[in-house]
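Text of my_file-v3.csv, listed as CSV, C-alpha atoms:
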chain,number,residue,atom,x,y,z
A,1,MET,CA,108.4,-133.3,16.1
A,2,LEU,CA,108.5,-129.5,16.4
A,3,ASN,CA,111.0,-127.4,18.4
A,4,ILE,CA,109.6,-124.9,20.8
A,5,GLY,CA,109.9,-122.0,18.5
A,6,GLU,CA,108.1,-123.7,15.6
A,7,PHE,CA,105.3,-124.8,17.9
A,8,ALA,CA,105.0,-121.3,19.4
A,9,ARG,CA,104.6,-119.8,15.9
A,10,LEU,CA,101.9,-122.4,14.9
A,11,ALA,CA,100.1,-122.0,18.2
A,12,GLY,CA,100.2,-118.2,18.1
A,13,VAL,CA,101.9,-117.7,21.5
A,14,SER,CA,105.4,-116.7,22.7
A,15,VAL,CA,108.1,-119.2,23.6
A,16,ARG,CA,108.0,-117.6,27.1
A,17,MET,CA,104.3,-118.5,27.5
A,18,LEU,CA,104.9,-122.1,26.4
A,19,ARG,CA,107.5,-122.4,29.1
A,20,HIS,CA,105.1,-120.9,31.6
A,21,TYR,CA,102.4,-123.4,30.5
A,22,ASP,CA,104.9,-126.2,30.9
A,23,GLN,CA,105.7,-125.1,34.5
A,24,LEU,CA,102.0,-125.0,35.4
A,25,GLY,CA,101.4,-128.4,33.9
A,26,LEU,CA,99.0,-127.1,31.3
A,27,LEU,CA,100.9,-128.0,28.2
A,28,ARG,CA,103.9,-130.3,28.7
A,29,PRO,CA,106.3,-130.9,25.8
A,30,GLN,CA,106.1,-134.2,24.1
A,31,GLN,CA,109.8,-134.7,24.7
A,32,VAL,CA,112.6,-132.9,26.7
A,33,ASP,CA,116.2,-133.6,25.7
A,34,PRO,CA,117.8,-134.9,28.9
A,35,HIS,CA,121.2,-133.3,28.0
A,36,SER,CA,120.2,-130.0,26.4
A,37,GLY,CA,116.8,-129.5,28.0
A,38,TYR,CA,115.4,-128.6,24.6
A,39,ARG,CA,111.6,-129.0,24.4
A,40,SER,CA,109.9,-130.7,21.5
A,41,TYR,CA,106.2,-130.8,20.7
A,42,SER,CA,104.0,-132.9,18.4
A,43,THR,CA,101.4,-131.4,16.0
A,44,ALA,CA,98.8,-133.4,17.9
A,45,GLN,CA,99.4,-131.0,20.8
A,46,LEU,CA,98.2,-128.0,18.8
A,47,GLU,CA,94.6,-128.9,19.6
A,48,ARG,CA,95.2,-128.7,23.3
A,49,ALA,CA,97.1,-125.4,22.7
A,50,ASN,CA,94.2,-124.0,20.8
A,51,GLN,CA,91.8,-124.9,23.5
A,52,LEU,CA,94.0,-123.5,26.2
A,53,ILE,CA,94.4,-120.2,24.4
A,54,ALA,CA,90.7,-120.0,23.6
A,55,LEU,CA,89.6,-120.6,27.2
A,56,LYS,CA,92.2,-118.1,28.4
A,57,ASP,CA,90.8,-115.5,26.0
A,58,LEU,CA,87.3,-116.2,27.2
A,59,GLY,CA,88.4,-114.9,30.6
A,60,PHE,CA,89.0,-118.2,32.5
A,61,THR,CA,92.0,-118.2,34.9
A,62,LEU,CA,94.8,-120.6,34.1
A,63,GLU,CA,93.8,-122.7,37.1
A,64,GLN,CA,90.3,-122.9,35.7
A,65,VAL,CA,91.6,-123.7,32.2
A,66,GLY,CA,93.7,-126.6,33.6
A,67,ARG,CA,90.6,-128.1,35.3
A,68,LEU,CA,88.5,-127.7,32.1
A,69,LEU,CA,91.1,-129.4,29.9
A,70,ASP,CA,91.8,-132.2,32.4
A,71,ASP,CA,88.1,-132.9,32.6
A,72,GLY,CA,88.2,-133.6,28.9
A,73,LEU,CA,86.5,-130.5,27.5
A,74,SER,CA,85.6,-131.4,23.9
A,75,ALA,CA,86.4,-129.3,20.8
A,76,THR,CA,82.6,-128.9,20.4
A,77,ALA,CA,82.2,-127.5,23.9
A,78,VAL,CA,85.1,-125.0,23.3
A,79,THR,CA,83.6,-124.0,20.0
A,80,ALA,CA,80.2,-123.3,21.7
A,81,LEU,CA,82.0,-121.2,24.4
A,82,LEU,CA,83.9,-119.2,21.7
A,83,ARG,CA,80.7,-118.5,19.8
A,84,GLU,CA,79.0,-117.3,22.9
A,85,ARG,CA,82.0,-115.0,23.6
A,86,ARG,CA,82.0,-113.8,20.0
A,87,HIS,CA,78.4,-112.8,20.4
A,88,GLU,CA,79.1,-110.9,23.6
A,89,LEU,CA,82.1,-109.1,22.1
A,90,ARG,CA,80.1,-108.0,19.1
A,91,GLU,CA,77.4,-106.6,21.3
A,92,GLN,CA,80.0,-104.8,23.3
A,93,LEU,CA,81.6,-103.4,20.2
A,94,GLU,CA,78.2,-102.2,19.0
A,95,ALA,CA,77.5,-100.6,22.4
A,96,ASP,CA,80.9,-98.9,22.3
A,97,GLN,CA,80.3,-97.6,18.8
A,98,ARG,CA,77.0,-96.1,19.9
A,99,ARG,CA,78.7,-94.5,22.9
A,100,LEU,CA,81.5,-93.1,20.6
A,101,ARG,CA,78.9,-91.6,18.2
A,102,SER,CA,77.1,-90.1,21.2
A,103,VAL,CA,80.4,-88.6,22.5
A,104,GLU,CA,81.2,-87.2,19.1
A,105,ALA,CA,77.7,-85.7,18.8
A,106,ARG,CA,78.1,-84.1,22.3
A,107,LEU,CA,81.4,-82.6,21.2
A,108,ARG,CA,79.9,-81.2,18.1
A,109,ALA,CA,77.1,-79.7,20.2
A,110,ILE,CA,79.5,-78.1,22.6
A,111,GLU,CA,81.8,-76.8,19.8
A,112,LYS,CA,78.9,-75.9,17.5
A,113,GLU,CA,80.3,-78.0,14.6
A,114,HIS,CA,77.4,-79.3,12.6
A,115,PRO,CA,76.1,-78.0,9.3
A,116,MET,CA,72.7,-76.3,9.5
A,117,SER,CA,70.7,-73.8,7.4
A,118,ALA,CA,69.0,-70.7,8.6
A,119,PHE,CA,65.9,-71.1,10.7
A,120,ILE,CA,62.7,-70.6,8.8
A,121,GLU,CA,59.2,-69.9,10.2
A,122,THR,CA,56.5,-71.5,8.0
A,123,SER,CA,53.3,-73.6,8.0
A,124,LEU,CA,53.3,-77.4,7.6
A,125,PRO,CA,51.0,-79.4,5.4
A,126,ALA,CA,48.9,-82.4,6.6
A,127,LEU,CA,50.4,-85.7,5.8
A,128,ARG,CA,48.9,-89.1,5.0
A,129,LEU,CA,51.4,-91.8,5.9
A,130,VAL,CA,51.9,-95.5,6.2
A,131,GLN,CA,54.2,-96.3,9.1
A,132,GLN,CA,55.4,-98.4,12.0
A,133,SER,CA,55.6,-96.8,15.5
A,134,VAL,CA,57.0,-97.6,18.9
A,135,ARG,CA,57.0,-96.0,22.3
A,136,ILE,CA,60.4,-94.8,23.4
A,137,ASP,CA,61.2,-94.4,27.1
A,138,GLU,CA,65.0,-94.0,26.9
A,139,MET,CA,66.2,-91.5,24.3
A,140,ASN,CA,69.3,-93.5,23.5
A,141,GLU,CA,67.0,-96.2,22.0
A,142,ILE,CA,65.8,-93.9,19.2
A,143,GLU,CA,68.6,-94.5,16.7
A,144,ASP,CA,68.3,-98.3,16.7
A,145,ALA,CA,64.5,-98.3,16.8
A,146,MET,CA,64.1,-95.9,13.9
A,147,GLY,CA,66.7,-97.6,11.7
A,148,GLY,CA,65.0,-101.0,12.1
A,149,MET,CA,61.5,-99.6,11.6
A,150,PHE,CA,62.4,-97.7,8.4
A,151,GLY,CA,63.9,-100.9,7.0
A,152,ARG,CA,60.7,-102.9,7.7
A,153,VAL,CA,58.4,-100.1,6.4
A,154,ASN,CA,60.3,-99.9,3.1
A,155,ALA,CA,60.4,-103.7,2.7
A,156,ALA,CA,56.6,-103.8,3.2
A,157,ILE,CA,56.1,-101.1,0.6
A,158,ASP,CA,58.3,-102.8,-1.9
A,159,ALA,CA,56.6,-106.2,-1.3
A,160,ALA,CA,53.2,-104.5,-2.0
A,161,GLY,CA,54.5,-102.9,-5.1
A,162,ALA,CA,53.4,-99.4,-3.9
A,163,SER,CA,54.8,-96.2,-5.2
A,164,ARG,CA,56.3,-93.5,-3.0
A,165,THR,CA,55.1,-90.0,-3.5
A,166,GLY,CA,57.5,-88.1,-1.3
A,167,PRO,CA,60.5,-88.4,1.1
A,168,GLY,CA,60.5,-90.6,4.2
A,169,ILE,CA,59.4,-88.9,7.4
A,170,ALA,CA,60.0,-89.6,11.1
A,171,THR,CA,57.5,-88.2,13.6
A,172,TYR,CA,57.9,-87.7,17.3
A,173,THR,CA,55.0,-87.1,19.7
A,174,VAL,CA,55.5,-86.6,23.4
A,175,ASP,CA,53.6,-89.2,25.4
A,176,GLY,CA,53.9,-88.7,29.2
A,177,ASP,CA,57.5,-89.4,30.2
A,178,GLY,CA,58.4,-90.9,26.8
A,179,MET,CA,57.4,-90.4,23.2
A,180,ILE,CA,55.8,-92.2,20.3
A,181,ALA,CA,58.3,-92.4,17.5
A,182,ALA,CA,57.2,-93.4,14.0
A,183,ALA,CA,59.0,-94.3,10.8
A,184,ALA,CA,56.8,-93.4,7.9
A,185,GLU,CA,56.6,-93.1,4.1
A,186,GLN,CA,54.2,-91.4,1.7
A,187,ILE,CA,52.7,-93.7,-0.9
A,188,ALA,CA,50.1,-93.5,-3.7
A,189,GLY,CA,46.6,-94.9,-3.3
A,190,ASP,CA,44.6,-95.8,-0.2
A,191,ASP,CA,45.8,-99.4,0.3
A,192,VAL,CA,48.0,-100.0,3.4
A,193,PRO,CA,50.8,-102.6,2.9
A,194,ALA,CA,50.6,-105.6,5.2
A,195,GLY,CA,52.4,-105.0,8.5
A,196,LEU,CA,52.0,-101.2,8.4
A,197,GLU,CA,49.5,-98.8,9.8
A,198,ALA,CA,47.8,-95.8,8.2
A,199,ALA,CA,48.4,-92.5,10.0
A,200,THR,CA,47.6,-88.8,9.5
A,201,VAL,CA,49.7,-85.9,10.7
A,202,ASP,CA,47.6,-82.7,11.1
A,203,ALA,CA,48.5,-79.5,9.2
A,204,GLN,CA,50.2,-76.9,11.4
A,205,PRO,CA,49.7,-73.2,10.8
A,206,ARG,CA,53.0,-72.3,12.4
A,207,ALA,CA,56.3,-74.1,12.7
A,208,LEU,CA,60.0,-73.3,13.0
A,209,THR,CA,62.3,-75.4,10.7
A,210,VAL,CA,66.0,-75.9,10.0
A,211,ARG,CA,67.8,-78.0,7.4
A,212,TYR,CA,70.5,-80.4,8.7
A,213,THR,CA,73.1,-81.8,6.3
A,214,GLY,CA,76.0,-84.2,6.7
A,215,ALA,CA,77.6,-87.5,6.0
A,216,ASP,CA,76.0,-89.0,9.1
A,217,LEU,CA,73.3,-88.2,11.6
A,218,SER,CA,75.6,-87.9,14.6
A,219,GLY,CA,74.8,-84.1,15.0
A,220,ILE,CA,71.1,-84.3,14.5
A,221,GLN,CA,70.3,-84.3,18.2
A,222,SER,CA,72.4,-81.1,18.6
A,223,ALA,CA,70.5,-79.6,15.7
A,224,TRP,CA,67.2,-80.3,17.4
A,225,GLN,CA,68.6,-78.6,20.6
A,226,GLU,CA,69.5,-75.5,18.6
A,227,LEU,CA,66.1,-75.5,16.9
A,228,VAL,CA,64.2,-75.6,20.2
A,229,ALA,CA,66.5,-73.1,21.7
A,230,GLU,CA,65.6,-70.8,18.8
A,231,VAL,CA,61.9,-71.5,19.4
A,232,GLU,CA,62.4,-70.3,23.0
A,233,ALA,CA,64.5,-67.3,22.0
A,234,ARG,CA,61.6,-66.1,19.8
A,235,GLY,CA,59.1,-66.3,22.6
A,236,LEU,CA,57.4,-69.4,21.1
A,237,THR,CA,56.4,-72.7,22.6
A,238,PRO,CA,56.9,-76.2,21.0
A,239,SER,CA,53.5,-77.7,20.2
A,240,GLY,CA,52.3,-80.9,18.6
A,241,THR,CA,54.1,-83.6,16.6
A,242,CYS,CA,57.5,-82.7,15.3
A,243,ARG,CA,58.8,-84.1,12.1
A,244,GLU,CA,62.1,-85.1,10.4
A,245,VAL,CA,61.7,-85.0,6.6
A,246,TYR,CA,64.5,-86.9,4.8
A,247,GLU,CA,65.0,-84.9,1.6
A,248,SER,CA,68.0,-87.0,0.7
A,249,THR,CA,70.0,-89.9,2.3
A,250,PRO,CA,73.2,-91.7,1.5
A,251,PHE,CA,71.1,-94.6,0.2
A,252,ASP,CA,70.0,-92.4,-2.7
A,253,GLY,CA,73.2,-93.1,-4.6
A,254,PRO,CA,76.9,-92.3,-4.9
A,255,GLY,CA,77.9,-89.0,-3.4
A,256,ALA,CA,74.5,-88.5,-1.7
A,257,GLU,CA,74.4,-87.5,2.0
A,258,TRP,CA,71.9,-86.7,4.7
A,259,SER,CA,69.7,-83.7,4.1
A,260,VAL,CA,67.0,-83.6,6.8
A,261,ASP,CA,64.4,-80.9,7.4
A,262,LEU,CA,63.7,-80.6,11.1
A,263,GLN,CA,60.2,-79.2,11.7
A,264,GLN,CA,58.9,-78.1,15.1
A,265,PRO,CA,55.3,-76.9,15.3
A,266,VAL,CA,55.0,-73.9,17.6
A,267,ALA,CA,52.3,-71.8,19.3
Output the structure of this file as structure tokens.
Amino acid sequence: MLNIGEFARLAGVSVRMLRHYDQLGLLRPQQVDPHSGYRSYSTAQLERANQLIALKDLGFTLEQVGRLLDDGLSATAVTALLRERRHELREQLEADQRRLRSVEARLRAIEKEHPMSAFIETSLPALRLVQQSVRIDEMNEIEDAMGGMFGRVNAAIDAAGASRTGPGIATYTVDGDGMIAAAAEQIAGDDVPAGLEAATVDAQPRALTVRYTGADLSGIQSAWQELVAEVEARGLTPSGTCREVYESTPFDGPGAEWSVDLQQPVA
């Protein structure tokens, strides 16, 4: 038998909570000394304690927990509920992390704290690419969509044994109220790896560009805002498909960071 302190330690709860569960009839001691009132528990009761705590952590009220336990909820059923809750919490954490990155990016935009080169007016060459593309209606979908597509594009290129001839490129083309976003690579030869599409981006006689660098891409939206603001300040108009050319990325090796050329065609 275990005294209440030992059982509390093994169950991962406080002695106070064990007494509370006893009062509610959720987890009675195996024995109570009639003279001292000391509570004793058996190790067999740890299973019920684990189920009780798991159900409480899932968000059930103690009244609901009592009904579930008294109805003979199996360990398998509790495990299934916990796995479902784990999935929900992971999704919530990922959403919170995306919101945090967005807030940090907005702060950098307001405080002008992101590393950029000088603006350069230049022409842009035509590009022959292999890619995957998707229509984006909500701008907060871009990060997840592009990361997944680049992974699939590069996996297809590697599976086909094709050779890359230049840096990876993202393109964005306005399409009504949304945009067509594409994750693309430049490869040798005319064969298109399975699962990818061939695409051509027209040459542009005039564009305004800026180089963004950093350990992450959290400030890239702000960099685009400043680039387009500079376009407007020069009396120009954004025109055509804009490009992100990934000159280097953290995936290139130790010490590497993002170096992305933002290219906005203008008229």
Would you tabulate, counting all atoms listed in the file, all residues of segment 60-159 of chain A that have an atom at most 7 Å from an atom of segment 170-178 of chain A, showing the closest pair of atoms and their distance in Å to one decimal, sorted by chain then ascending number, as a Markdown table?
| residue | atom | partner | partner_atom | distance |
| --- | --- | --- | --- | --- |
| A:Arg135 | CA | A:Gly178 | CA | 6.9 |
| A:Ile136 | CA | A:Gly178 | CA | 5.5 |
| A:Asp137 | CA | A:Gly178 | CA | 4.5 |
Restricting the calculation to only C-alpha atoms, which member of A:Ile220, A:Arg86, A:Asn3, A:Ala215 is positioned closest to Gly37 of chain A?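 Ranked by minimum distance to Gly37 of chain A, first place goes to A:Asn3.
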Can you work out which one of A:Leu129, A:Gln204, A:Glu141, A:Ala95 has the shortest atom-to-atom distance to Gly189 of chain A, counting only C-alpha atoms?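 The answer is A:Leu129, which sits nearest to Gly189 of chain A.
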Option closest in space to Met17 of chain A, from A:Gly235, A:Gly255, A:Gly240, A:Gly5 [counting only C-alpha atoms]: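 Selected residue with least distance to Met17 of chain A: A:Gly5.
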Please provide as a count of residues only all residues within 10 Å of segment 115-127 of chain A, with the sequence filter that same-chain residues fewer than 3 positions apart are discarded (counting only C-alpha atoms). 37
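Closest approach to Ala44 of chain A among A:Ala233, A:Ala155, A:Ile142, A:Met1 is made by A:Met1 (distances from all atoms listed in the file).
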So what do you get for atom CA of Tyr41 of chain A versus atom CA of Leu2 of chain A, distance-wise? 5.0 Å
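Non-sequential neighbours of Thr79 of chain A (distance at most 9 Å, separation of 5 or more positions within a chain, only C-alpha atoms) are Gln51, Ala54, Ser74 and Glu84 of chain A.
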Which polymer residues have any atom within 9 Å of an atom of Ala49 of chain A, counting all atoms listed in the file, with same-chain residues fewer than 6 positions away left out, as a list of chain:residue names?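 Surrounding residues, per the criterion: A:Ala11, A:Leu26, A:Leu27.
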Ranking A:Leu82, A:Leu10, A:Leu52, A:Ala145 by minimum distance to Asp70 of chain A and counting only C-alpha atoms, which one comes first? A:Leu52
With all atoms listed in the file as the counted atoms, please give the residues lying no more than 10 Å from Ala162 of chain A, apart from itself and same-chain residues fewer than 5 positions off, as a VMD selection string. chain A and resid 154 156 to 157 186 to 189 191 to 193
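Atom CA of Gln132 of chain A lies 6.6 Å from atom CA of Ala184 of chain A.
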